[in-house]
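As provided, upload-v4.cif (mmCIF, C-alpha atoms) reads as follows.
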data_model
loop_
_atom_site.label_atom_id
_atom_site.label_comp_id
_atom_site.auth_asym_id
_atom_site.auth_seq_id
_atom_site.Cartn_x
_atom_site.Cartn_y
_atom_site.Cartn_z
CA MET A 1 -12.84 -127.64 -283.36
CA ASN A 2 -11.89 -125.30 -280.48
CA LYS A 3 -11.56 -126.33 -276.86
CA LEU A 4 -14.84 -124.67 -275.85
CA GLY A 5 -16.74 -126.74 -278.41
CA VAL A 6 -15.19 -129.97 -277.15
CA LEU A 7 -16.08 -129.18 -273.53
CA ALA A 8 -19.65 -128.29 -274.48
CA GLY A 9 -20.05 -131.59 -276.33
CA VAL A 10 -18.71 -133.63 -273.42
CA CYS A 11 -20.97 -131.86 -270.96
CA SER A 12 -23.99 -132.47 -273.22
CA ILE A 13 -23.26 -136.20 -273.38
CA LEU A 14 -22.68 -136.52 -269.65
CA SER A 15 -25.94 -134.76 -268.86
CA PHE A 16 -27.71 -138.01 -269.72
CA GLY A 17 -25.44 -140.08 -267.43
CA VAL A 18 -25.61 -140.99 -263.72
CA LEU A 19 -23.32 -138.20 -262.51
CA GLY A 20 -24.56 -135.43 -264.81
CA CYS A 21 -22.54 -132.27 -265.47
CA ASN A 22 -22.42 -130.73 -262.01
CA GLU A 23 -19.70 -128.80 -260.33
CA ASN A 24 -20.59 -130.41 -256.99
CA PRO A 25 -19.60 -134.13 -256.98
CA THR A 26 -21.37 -134.76 -253.66
CA SER A 27 -24.73 -134.58 -255.43
CA VAL A 28 -24.38 -138.27 -256.34
CA ILE A 29 -26.82 -140.36 -254.20
CA ASP A 30 -24.96 -142.67 -251.79
CA LEU A 31 -27.51 -144.76 -249.87
CA GLU A 32 -24.97 -146.40 -247.57
CA GLY A 33 -23.52 -143.03 -246.57
CA LYS A 34 -26.80 -141.29 -245.73
CA SER A 35 -28.91 -141.35 -242.62
CA GLU A 36 -32.53 -142.52 -242.57
CA GLY A 37 -33.76 -138.93 -242.82
CA GLU A 38 -31.58 -138.13 -245.82
CA ILE A 39 -33.10 -140.91 -247.95
CA SER A 40 -36.71 -140.44 -246.87
CA SER A 41 -37.70 -139.33 -250.35
CA SER A 42 -37.15 -142.81 -251.77
CA SER A 43 -38.17 -146.21 -250.47
CA VAL A 44 -35.49 -148.80 -249.79
CA GLN A 45 -36.46 -152.21 -251.10
CA LYS A 46 -34.62 -155.28 -249.85
CA SER A 47 -33.98 -158.37 -251.92
CA GLU A 48 -31.89 -161.46 -251.36
CA SER A 49 -28.84 -162.03 -253.52
CA SER A 50 -27.58 -165.48 -254.38
CA ASP A 51 -25.09 -165.33 -251.50
CA GLY A 52 -27.78 -164.35 -249.01
CA LYS A 53 -26.65 -160.73 -248.68
CA THR A 54 -29.17 -157.90 -248.75
CA LEU A 55 -29.22 -155.75 -251.85
CA LEU A 56 -30.57 -152.19 -251.92
CA SER A 57 -32.49 -150.48 -254.69
CA THR A 58 -34.41 -147.21 -254.79
CA GLU A 59 -37.77 -146.25 -256.16
CA LYS A 60 -39.43 -142.83 -256.07
CA LYS A 61 -42.14 -143.05 -253.44
CA SER A 62 -43.28 -141.06 -250.44
CA SER A 63 -41.41 -141.46 -247.17
CA SER A 64 -44.43 -143.22 -245.68
CA SER A 65 -43.70 -146.22 -247.90
CA VAL A 66 -40.50 -147.00 -245.98
CA THR A 67 -42.20 -148.95 -243.19
CA ASN A 68 -41.69 -152.55 -242.22
CA ALA A 69 -41.06 -154.77 -239.22
CA SER A 70 -37.65 -156.02 -240.24
CA HIS A 71 -35.60 -158.39 -238.09
CA GLU A 72 -31.87 -158.38 -237.55
CA ASP A 73 -31.48 -160.98 -240.28
CA GLY A 74 -33.08 -158.69 -242.87
CA GLN A 75 -36.31 -160.68 -243.12
CA THR A 76 -39.40 -158.53 -243.03
CA SER A 77 -42.19 -161.02 -242.59
CA SER A 78 -43.40 -164.42 -241.52
CA SER A 79 -44.79 -167.28 -243.57
CA VAL A 80 -48.31 -168.49 -243.04
CA ARG A 81 -50.13 -171.47 -244.38
CA SER A 82 -53.84 -172.25 -244.69
CA SER A 83 -55.57 -173.21 -241.46
CA SER A 84 -57.15 -176.63 -241.11
CA SER A 85 -60.35 -175.08 -239.87
CA GLN A 86 -61.21 -175.96 -243.44
CA THR A 87 -60.47 -179.35 -245.01
CA GLU A 88 -56.73 -179.87 -244.79
CA SER A 89 -54.67 -182.27 -246.86
CA SER A 90 -51.39 -183.71 -245.59
CA SER A 91 -49.53 -182.79 -248.74
CA SER A 92 -46.77 -180.20 -248.61
CA ARG A 93 -47.82 -176.64 -249.33
CA PRO A 94 -45.77 -173.81 -250.84
CA PHE A 95 -43.78 -171.60 -248.48
CA VAL A 96 -45.22 -168.11 -248.18
CA ARG A 97 -44.87 -165.19 -245.82
CA SER A 98 -46.74 -162.28 -244.26
CA SER A 99 -45.63 -159.30 -242.20
CA PHE A 100 -45.37 -159.50 -238.43
CA PRO A 101 -47.74 -157.11 -236.67
CA GLU A 102 -46.04 -153.82 -235.89
CA SER A 103 -46.56 -154.38 -232.15
CA SER A 104 -44.38 -157.50 -232.19
CA SER A 105 -41.25 -155.85 -233.54
CA SER A 106 -39.97 -154.42 -230.25
CA GLU A 107 -36.65 -155.60 -228.89
CA ALA A 108 -36.21 -156.43 -225.20
CA PRO A 109 -32.93 -156.82 -223.28
CA VAL A 110 -31.61 -160.39 -223.12
CA GLU A 111 -32.05 -161.90 -219.66
CA THR A 112 -31.12 -165.18 -218.02
CA ARG A 113 -34.09 -166.75 -216.25
CA SER A 114 -34.72 -169.83 -214.16
CA TRP A 115 -36.70 -172.74 -215.53
CA TYR A 116 -37.96 -175.87 -213.86
CA ASN A 117 -35.59 -178.46 -212.31
CA HIS A 118 -32.69 -176.02 -211.85
CA THR A 119 -32.34 -175.35 -215.56
CA THR A 120 -32.04 -171.88 -217.04
CA TYR A 121 -32.70 -170.16 -220.34
CA THR A 122 -31.99 -166.81 -221.91
CA THR A 123 -34.48 -164.59 -223.66
CA ALA A 124 -32.21 -164.37 -226.70
CA LYS A 125 -33.71 -165.10 -230.11
CA VAL A 126 -33.60 -168.74 -231.15
CA VAL A 127 -31.27 -168.90 -234.15
CA ALA A 128 -31.35 -171.98 -236.40
CA ALA A 129 -28.07 -173.88 -236.24
CA ASN A 130 -28.00 -173.93 -240.05
CA ALA A 131 -29.21 -170.36 -240.62
CA ASP A 132 -26.12 -169.35 -242.61
CA GLU A 133 -26.60 -172.26 -245.00
CA LEU A 134 -30.17 -171.43 -246.10
CA GLU A 135 -31.61 -169.03 -248.64
CA CYS A 136 -35.38 -168.80 -248.29
CA ASN A 137 -37.44 -167.17 -251.04
CA GLU A 138 -40.72 -165.86 -249.71
CA SER A 139 -43.77 -164.09 -251.14
CA ALA A 140 -46.39 -161.86 -249.55
CA VAL A 141 -49.43 -164.00 -248.75
CA THR A 142 -51.42 -163.44 -245.57
CA ASP A 143 -53.25 -166.08 -243.55
CA ASP A 144 -56.24 -165.33 -241.34
CA LEU A 145 -55.17 -165.71 -237.71
CA LYS A 146 -58.17 -164.00 -236.12
CA ASP A 147 -59.00 -167.09 -234.04
CA TYR A 148 -55.60 -167.15 -232.37
CA ASP A 149 -53.73 -165.28 -229.64
CA VAL A 150 -50.38 -167.03 -230.05
CA ALA A 151 -48.79 -168.24 -233.28
CA TYR A 152 -45.37 -169.79 -233.91
CA GLU A 153 -44.85 -169.75 -237.67
CA PHE A 154 -41.13 -170.73 -237.56
CA ASN A 155 -40.21 -168.58 -240.55
CA SER A 156 -37.41 -166.32 -239.38
CA LEU A 157 -34.21 -168.34 -239.35
CA ARG A 158 -32.72 -166.02 -236.76
CA ASP A 159 -35.82 -165.75 -234.61
CA LEU A 160 -37.47 -169.17 -234.72
CA GLY A 161 -39.27 -168.73 -231.40
CA ARG A 162 -41.03 -165.56 -232.50
CA ASP A 163 -44.68 -165.37 -231.54
CA TYR A 164 -46.48 -163.78 -234.48
CA PHE A 165 -48.34 -161.56 -232.03
CA GLY A 166 -45.17 -160.69 -230.14
CA LYS A 167 -46.31 -161.54 -226.61
CA ASN A 168 -45.35 -165.17 -225.95
CA ASN A 169 -42.03 -165.89 -227.61
CA ALA A 170 -40.54 -169.37 -227.28
CA TYR A 171 -36.96 -169.97 -226.15
CA ILE A 172 -34.45 -172.77 -225.82
CA ASP A 173 -33.18 -173.91 -222.44
CA ASP A 174 -29.49 -174.18 -221.71
CA THR A 175 -29.34 -177.99 -221.52
CA VAL A 176 -30.63 -179.02 -224.96
CA ASN A 177 -29.00 -178.91 -228.38
CA PRO A 178 -29.69 -176.07 -230.84
CA VAL A 179 -32.54 -176.55 -233.30
CA SER A 180 -32.23 -176.47 -237.07
CA ALA A 181 -34.69 -175.27 -239.70
CA GLU A 182 -35.72 -175.40 -243.29
CA CYS A 183 -37.57 -172.63 -245.06
CA GLY A 184 -40.83 -172.27 -243.15
CA SER A 185 -40.43 -174.92 -240.45
CA VAL A 186 -38.37 -175.90 -237.42
CA ILE A 187 -36.56 -179.25 -237.22
CA PHE A 188 -36.28 -181.35 -234.06
CA ASP A 189 -33.72 -184.15 -234.09
CA GLY A 190 -34.71 -186.00 -230.91
CA SER A 191 -32.35 -184.05 -228.66
CA ASN A 192 -33.89 -180.58 -228.51
CA GLY A 193 -37.06 -178.58 -228.07
CA LEU A 194 -38.43 -175.15 -227.16
CA ILE A 195 -39.99 -173.75 -224.01
CA ILE A 196 -42.81 -171.23 -223.58
CA PRO A 197 -42.96 -169.32 -220.29
CA LEU A 198 -46.39 -169.57 -218.69
CA ASP A 199 -48.76 -166.72 -219.50
CA GLU A 200 -52.36 -166.09 -218.45
CA ILE A 201 -53.48 -166.63 -222.05
CA PHE A 202 -52.83 -170.37 -221.63
CA LYS A 203 -54.92 -170.61 -218.45
CA SER A 204 -58.20 -171.20 -220.18
CA LYS A 205 -60.85 -173.89 -220.00
CA GLY A 206 -61.74 -173.25 -223.62
CA PHE A 207 -59.16 -172.99 -226.36
CA VAL A 208 -58.23 -173.95 -229.90
CA ALA A 209 -54.82 -175.36 -230.79
CA GLU A 210 -53.64 -176.30 -234.26
CA VAL A 211 -50.33 -177.85 -235.31
CA ARG A 212 -48.95 -178.77 -238.72
CA PHE A 213 -46.20 -181.34 -238.30
CA MET A 214 -44.21 -184.02 -240.06
CA PRO A 215 -42.92 -186.93 -237.96
CA THR A 216 -39.76 -188.49 -239.39
CA LYS A 217 -39.46 -191.14 -236.68
CA LYS A 218 -41.94 -193.03 -234.54
CA GLY A 219 -42.45 -191.53 -231.14
CA ASN A 220 -42.45 -193.34 -227.85
CA ILE A 221 -44.27 -190.76 -225.77
CA ALA A 222 -43.06 -187.89 -227.96
CA ASN A 223 -44.31 -184.44 -226.99
CA ILE A 224 -45.39 -182.19 -229.85
CA PHE A 225 -47.10 -179.32 -228.02
CA VAL A 226 -47.79 -179.73 -224.30
CA ALA A 227 -48.77 -177.98 -221.10
CA GLU A 228 -47.45 -180.92 -219.11
CA PRO A 229 -46.91 -180.56 -215.36
CA PRO A 230 -44.24 -182.56 -213.52
CA GLY A 231 -45.43 -185.51 -211.49
CA SER A 232 -49.02 -186.60 -210.93
CA GLY A 233 -52.18 -184.98 -209.65
CA LYS A 234 -51.73 -181.69 -211.49
CA THR A 235 -53.73 -180.07 -214.29
CA GLY A 236 -52.41 -180.17 -217.83
CA TRP A 237 -52.75 -181.33 -221.43
CA GLN A 238 -50.52 -182.92 -224.06
CA LEU A 239 -50.54 -183.31 -227.80
CA ARG A 240 -48.29 -186.32 -228.29
CA LEU A 241 -47.12 -188.93 -230.77
CA ASP A 242 -47.27 -192.45 -229.35
CA GLY A 243 -45.67 -194.66 -231.99
CA THR A 244 -47.48 -193.31 -235.05
CA ASP A 245 -50.68 -192.58 -233.15
CA VAL A 246 -51.58 -188.95 -232.44
CA VAL A 247 -52.99 -188.75 -228.92
CA PHE A 248 -54.40 -185.87 -226.89
CA HIS A 249 -54.01 -186.30 -223.13
CA MET A 250 -55.68 -184.10 -220.55
CA ARG A 251 -55.97 -184.15 -216.78
CA ASP A 252 -58.20 -182.34 -214.30
CA PRO A 253 -57.54 -183.88 -210.87
CA ASN A 254 -60.85 -182.52 -209.59
CA VAL A 255 -62.74 -184.64 -212.13
CA ARG A 256 -60.62 -187.78 -212.36
CA LYS A 257 -60.25 -189.06 -208.84
CA GLU A 258 -57.44 -191.41 -209.84
CA LYS A 259 -55.58 -188.28 -210.97
CA ASN A 260 -54.20 -189.89 -214.14
CA TRP A 261 -54.43 -188.76 -217.73
CA GLU A 262 -57.47 -189.13 -219.94
CA SER A 263 -56.15 -190.22 -223.33
CA ILE A 264 -57.97 -189.60 -226.60
CA SER A 265 -56.54 -191.29 -229.69
CA LEU A 266 -57.02 -189.30 -232.88
CA GLY A 267 -55.62 -191.85 -235.31
CA GLU A 268 -52.38 -192.91 -236.93
CA VAL A 269 -50.23 -190.78 -239.21
CA SER A 270 -47.62 -191.64 -241.80
CA LEU A 271 -43.98 -190.70 -241.45
CA ASN A 272 -42.30 -188.11 -243.69
CA GLU A 273 -45.61 -186.49 -244.65
CA TRP A 274 -47.31 -183.36 -243.39
CA HIS A 275 -50.31 -183.66 -241.08
CA VAL A 276 -52.55 -181.14 -239.33
CA VAL A 277 -54.15 -181.71 -235.94
CA ARG A 278 -56.69 -179.32 -234.48
CA ILE A 279 -58.08 -179.42 -230.94
CA LYS A 280 -61.00 -177.20 -229.98
CA ILE A 281 -62.68 -176.99 -226.56
CA PHE A 282 -65.47 -174.45 -226.56
CA PRO A 283 -68.53 -173.38 -224.50
CA LYS A 284 -72.15 -173.22 -225.57
CA LYS A 285 -75.29 -172.27 -223.72
CA SER A 286 -77.89 -175.01 -223.51
CA VAL A 287 -81.19 -174.02 -225.08
CA LEU A 288 -83.09 -176.23 -222.61
CA THR A 289 -81.37 -175.41 -219.32
CA GLY A 290 -79.58 -172.15 -220.01
CA LYS A 291 -76.40 -173.62 -218.54
CA ILE A 292 -72.97 -173.37 -220.15
CA VAL A 293 -71.72 -176.69 -221.48
CA TYR A 294 -68.38 -177.42 -223.13
CA THR A 295 -67.70 -179.49 -226.22
CA PHE A 296 -64.45 -181.20 -227.20
CA ASN A 297 -63.73 -181.50 -230.94
CA ALA A 298 -60.64 -183.03 -232.48
CA PHE A 299 -59.64 -183.08 -236.16
CA LEU A 300 -56.78 -184.84 -237.90
CA ASP A 301 -56.01 -183.94 -241.51
CA GLY A 302 -59.34 -182.16 -241.83
CA LYS A 303 -61.47 -185.06 -240.59
CA MET A 304 -63.44 -185.02 -237.35
CA ARG A 305 -62.00 -187.71 -235.08
CA ARG A 306 -63.80 -186.94 -231.83
CA SER A 307 -66.71 -184.82 -230.68
CA SER A 308 -68.04 -185.16 -227.17
CA GLU A 309 -69.21 -183.28 -224.12
CA TYR A 310 -66.34 -181.97 -222.05
CA ASN A 311 -66.54 -181.81 -218.27
CA ALA A 312 -62.93 -181.23 -217.27
CA ASP A 313 -61.27 -177.87 -216.64
CA VAL A 314 -57.62 -177.57 -217.69
CA SER A 315 -57.31 -173.85 -217.00
CA ASN A 316 -55.42 -174.30 -213.75
CA ILE A 317 -52.02 -175.02 -215.28
CA GLU A 318 -49.04 -173.94 -213.17
CA TYR A 319 -45.99 -174.52 -215.35
CA GLY A 320 -44.58 -173.39 -218.66
CA LEU A 321 -45.28 -175.17 -221.96
CA GLY A 322 -43.01 -177.25 -224.14
CA ILE A 323 -42.58 -177.83 -227.87
CA GLY A 324 -40.94 -181.02 -229.08
CA TYR A 325 -39.77 -182.39 -225.72
CA ASP A 326 -40.35 -182.76 -221.98
CA SER A 327 -39.41 -179.34 -220.65
CA MET A 328 -40.19 -180.46 -217.08
CA TYR A 329 -37.39 -183.07 -217.05
CA GLN A 330 -39.47 -185.90 -215.64
CA SER A 331 -38.79 -189.61 -215.54
CA LEU A 332 -38.54 -191.10 -219.04
CA HIS A 333 -37.36 -187.67 -220.18
CA GLY A 334 -35.34 -189.25 -223.00
CA ASP A 335 -38.45 -190.92 -224.42
CA ARG A 336 -40.38 -187.68 -224.73
CA PHE A 337 -38.45 -186.04 -227.59
CA PHE A 338 -40.23 -185.51 -230.89
CA THR A 339 -38.26 -186.19 -234.08
CA GLY A 340 -39.48 -184.39 -237.17
CA LYS A 341 -40.58 -180.98 -238.42
CA ILE A 342 -43.20 -178.51 -237.26
CA ASP A 343 -44.56 -175.98 -239.73
CA TYR A 344 -46.64 -173.95 -237.26
CA ILE A 345 -48.28 -174.01 -233.84
CA ARG A 346 -51.28 -171.78 -233.18
CA TYR A 347 -53.25 -171.29 -229.98
CA GLY A 348 -56.34 -169.22 -229.19
CA LYS A 349 -58.20 -168.68 -225.94
CA ILE A 350 -62.00 -169.22 -226.01
CA THR A 351 -64.07 -167.66 -223.24
CA GLU A 352 -67.71 -167.63 -222.20
CA ASP A 353 -68.03 -163.91 -222.87
CA GLY A 354 -71.15 -163.04 -224.83
CA LEU A 355 -72.95 -166.34 -224.21
#

Translate this file's structure into structure tokens.
Amino acid sequence: MNKLGVLAGVCSILSFGVLGCNENPTSVIDLEGKSEGEISSSSVQKSESSDGKTLLSTEKKSSSSVTNASHEDGQTSSSVRSSSSQTESSSSRPFVRSSFPESSSSEAPVETRSWYNHTTYTTAKVVAANADELECNESAVTDDLKDYDVAYEFNSLRDLGRDYFGKNNAYIDDTVNPVSAECGSVIFDGSNGLIIPLDEIFKSKGFVAEVRFMPTKKGNIANIFVAEPPGSGKTGWQLRLDGTDVVFHMRDPNVRKEKNWESISLGEVSLNEWHVVRIKIFPKKSVLTGKIVYTFNAFLDGKMRRSSEYNADVSNIEYGLGIGYDSMYQSLHGDRFFTGKIDYIRYGKITEDGL
């Protein structure tokens, strides 16, 4: 066999291989070496390897398919679980995820800001202390959050304070310990918590708030989700764990002359199990008088625990909110830490518009 025949045979075999028989070796696709525009003809799919590193693969699709709201940690979406607006069991549910809205993916410069009682915080993302130790498998399932304006789903290990809607992110102040996480929830160990800077969305007489949580230790006056002002005689509300009793406290100093809290017990919960509490304060127009009246409804694990007329107005809050602790650093501050896990916190403003 002559040399030309051998070369022709080799070239024929290689034509079925990855490189092909091409005089130009740079025709081999190198994803890592190309810019975003150079690989626009194929979508880049991300998957987690066993060591947590991101793997790349290509698939022939249009350039429009390469769109996501990816974070710095390579995660592209947030988990969501079923809302307890329907009957909710306290059993653990599977961890799932859904994409963040495109509007929430913007990055802002990190700033240091003042908080109450001479404390400070930075607007940096809240990174779980154990983020490097976790590998979280997630699937694309979307929850209906149409009733909410703020949602903390606690799914991104490197952005735990992310508001699903991107407008009211939570942060950690400079005096508390870092928080940890497990796939789909944040963990509070009795020495930490998150803060939420005050926004107009929280200044509402009517609202719905829902929290899925697992207490791992009895609370004393443990704050779960609160708009709690410092001192007395100021407007606010608290969702709290007193022992194993879930209690909603609210205060409107214009209604309660003694200026103390009105406490509404919603019932006891078991430790080391998931529970869902839902508070809803909403307006209705009276058929008889035409006046707007408010109703207070409270659910625990899908069961109605309280329904009554509501005369107070808690819209005049003046301070930021707290998750898992007393962010106002009041007396008995050490007794106000929550110990356990929180799966999600969701809040929606309810107005009288259209009534």

| query | Hey, can you check how far atom CA of Thr123 of chain A sits from atom CA of Asp147 of chain A? | reply |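 Separation between atom CA of Thr123 of chain A and atom CA of Asp147 of chain A: 26.7 Å.
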
| message | To test your reading of the syntax: which residues would the PyMOL selection byres ((chain A and resi 217) around 8) return for the file shown? Reply as a PyMOL selection string. | response | chain A and resi 215-216+218-219+271+339-340

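Atom CA of Asp242 of chain A sits 14.1 Å away from atom CA of Trp261 of chain A.
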
| task | Would you work out the distance separating atom CA of Asp163 of chain A from atom CA of Glu133 of chain A, expressed in Å to one decimal? | result |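 Atom-to-atom, atom CA of Asp163 of chain A to atom CA of Glu133 of chain A, that is 23.6 Å.
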
| message | Could you check the closest approach to Ile342 of chain A for each of A:Gly322, A:Gly184, A:Gly233, A:Gly166 and tell me which residue wins, using only C-alpha atoms? | response |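 Smallest distance to Ile342 of chain A is found for A:Gly184.
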
| Expansion of the PyMOL selection byres ((chain A and resi 349) around 8) into residues, as a PyMOL selection string | chain A and resi 148-149+201-202+204+206-208+347-348+350-351

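Once the PyMOL selection byres ((chain A and resi 193) around 6) is applied to the shown structure, the selection contains Asn192, Leu194, Ile323, Gly324 and Tyr325 of chain A.
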
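Of the residues under consideration (A:Leu288, A:Ala312, A:Leu241, A:Ile221), A:Ala312 shows the shortest atom-to-atom contact distance to Glu262 of chain A when counting all atoms listed in the file.
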
| request: Give as a PyMOL selection string the set of residues within 10 Å of the point (-43.2, -185.0, -218.3), where distances use the file's coordinates and only C-alpha atoms. | output: chain A and resi 221+223+226-232+238+322+325-333+335-336

Write out, as a PDB file, in the coordinates of the input, the residues just selected, with C-alpha atoms.
ATOM      1  CA  ILE A 221     -44.270-190.760-225.770  1.00  0.00           C
ATOM      2  CA  ASN A 223     -44.310-184.440-226.990  1.00  0.00           C
ATOM      3  CA  VAL A 226     -47.790-179.730-224.300  1.00  0.00           C
ATOM      4  CA  ALA A 227     -48.770-177.980-221.100  1.00  0.00           C
ATOM      5  CA  GLU A 228     -47.450-180.920-219.110  1.00  0.00           C
ATOM      6  CA  PRO A 229     -46.910-180.560-215.360  1.00  0.00           C
ATOM      7  CA  PRO A 230     -44.240-182.560-213.520  1.00  0.00           C
ATOM      8  CA  GLY A 231     -45.430-185.510-211.490  1.00  0.00           C
ATOM      9  CA  SER A 232     -49.020-186.600-210.930  1.00  0.00           C
ATOM     10  CA  GLN A 238     -50.520-182.920-224.060  1.00  0.00           C
ATOM     11  CA  GLY A 322     -43.010-177.250-224.140  1.00  0.00           C
ATOM     12  CA  TYR A 325     -39.770-182.390-225.720  1.00  0.00           C
ATOM     13  CA  ASP A 326     -40.350-182.760-221.980  1.00  0.00           C
ATOM     14  CA  SER A 327     -39.410-179.340-220.650  1.00  0.00           C
ATOM     15  CA  MET A 328     -40.190-180.460-217.080  1.00  0.00           C
ATOM     16  CA  TYR A 329     -37.390-183.070-217.050  1.00  0.00           C
ATOM     17  CA  GLN A 330     -39.470-185.900-215.640  1.00  0.00           C
ATOM     18  CA  SER A 331     -38.790-189.610-215.540  1.00  0.00           C
ATOM     19  CA  LEU A 332     -38.540-191.100-219.040  1.00  0.00           C
ATOM     20  CA  HIS A 333     -37.360-187.670-220.180  1.00  0.00           C
ATOM     21  CA  ASP A 335     -38.450-190.920-224.420  1.00  0.00           C
ATOM     22  CA  ARG A 336     -40.380-187.680-224.730  1.00  0.00           C
TER      23      ARG A 336
END

| said: Residues within 9 Å of Asn169 of chain A, please, as a PyMOL selection string. Count all atoms listed in the file; anything in the same chain fewer than 2 positions from it doesn't count. | reply: chain A and resi 123+125+150+152+161-167+171+195-197
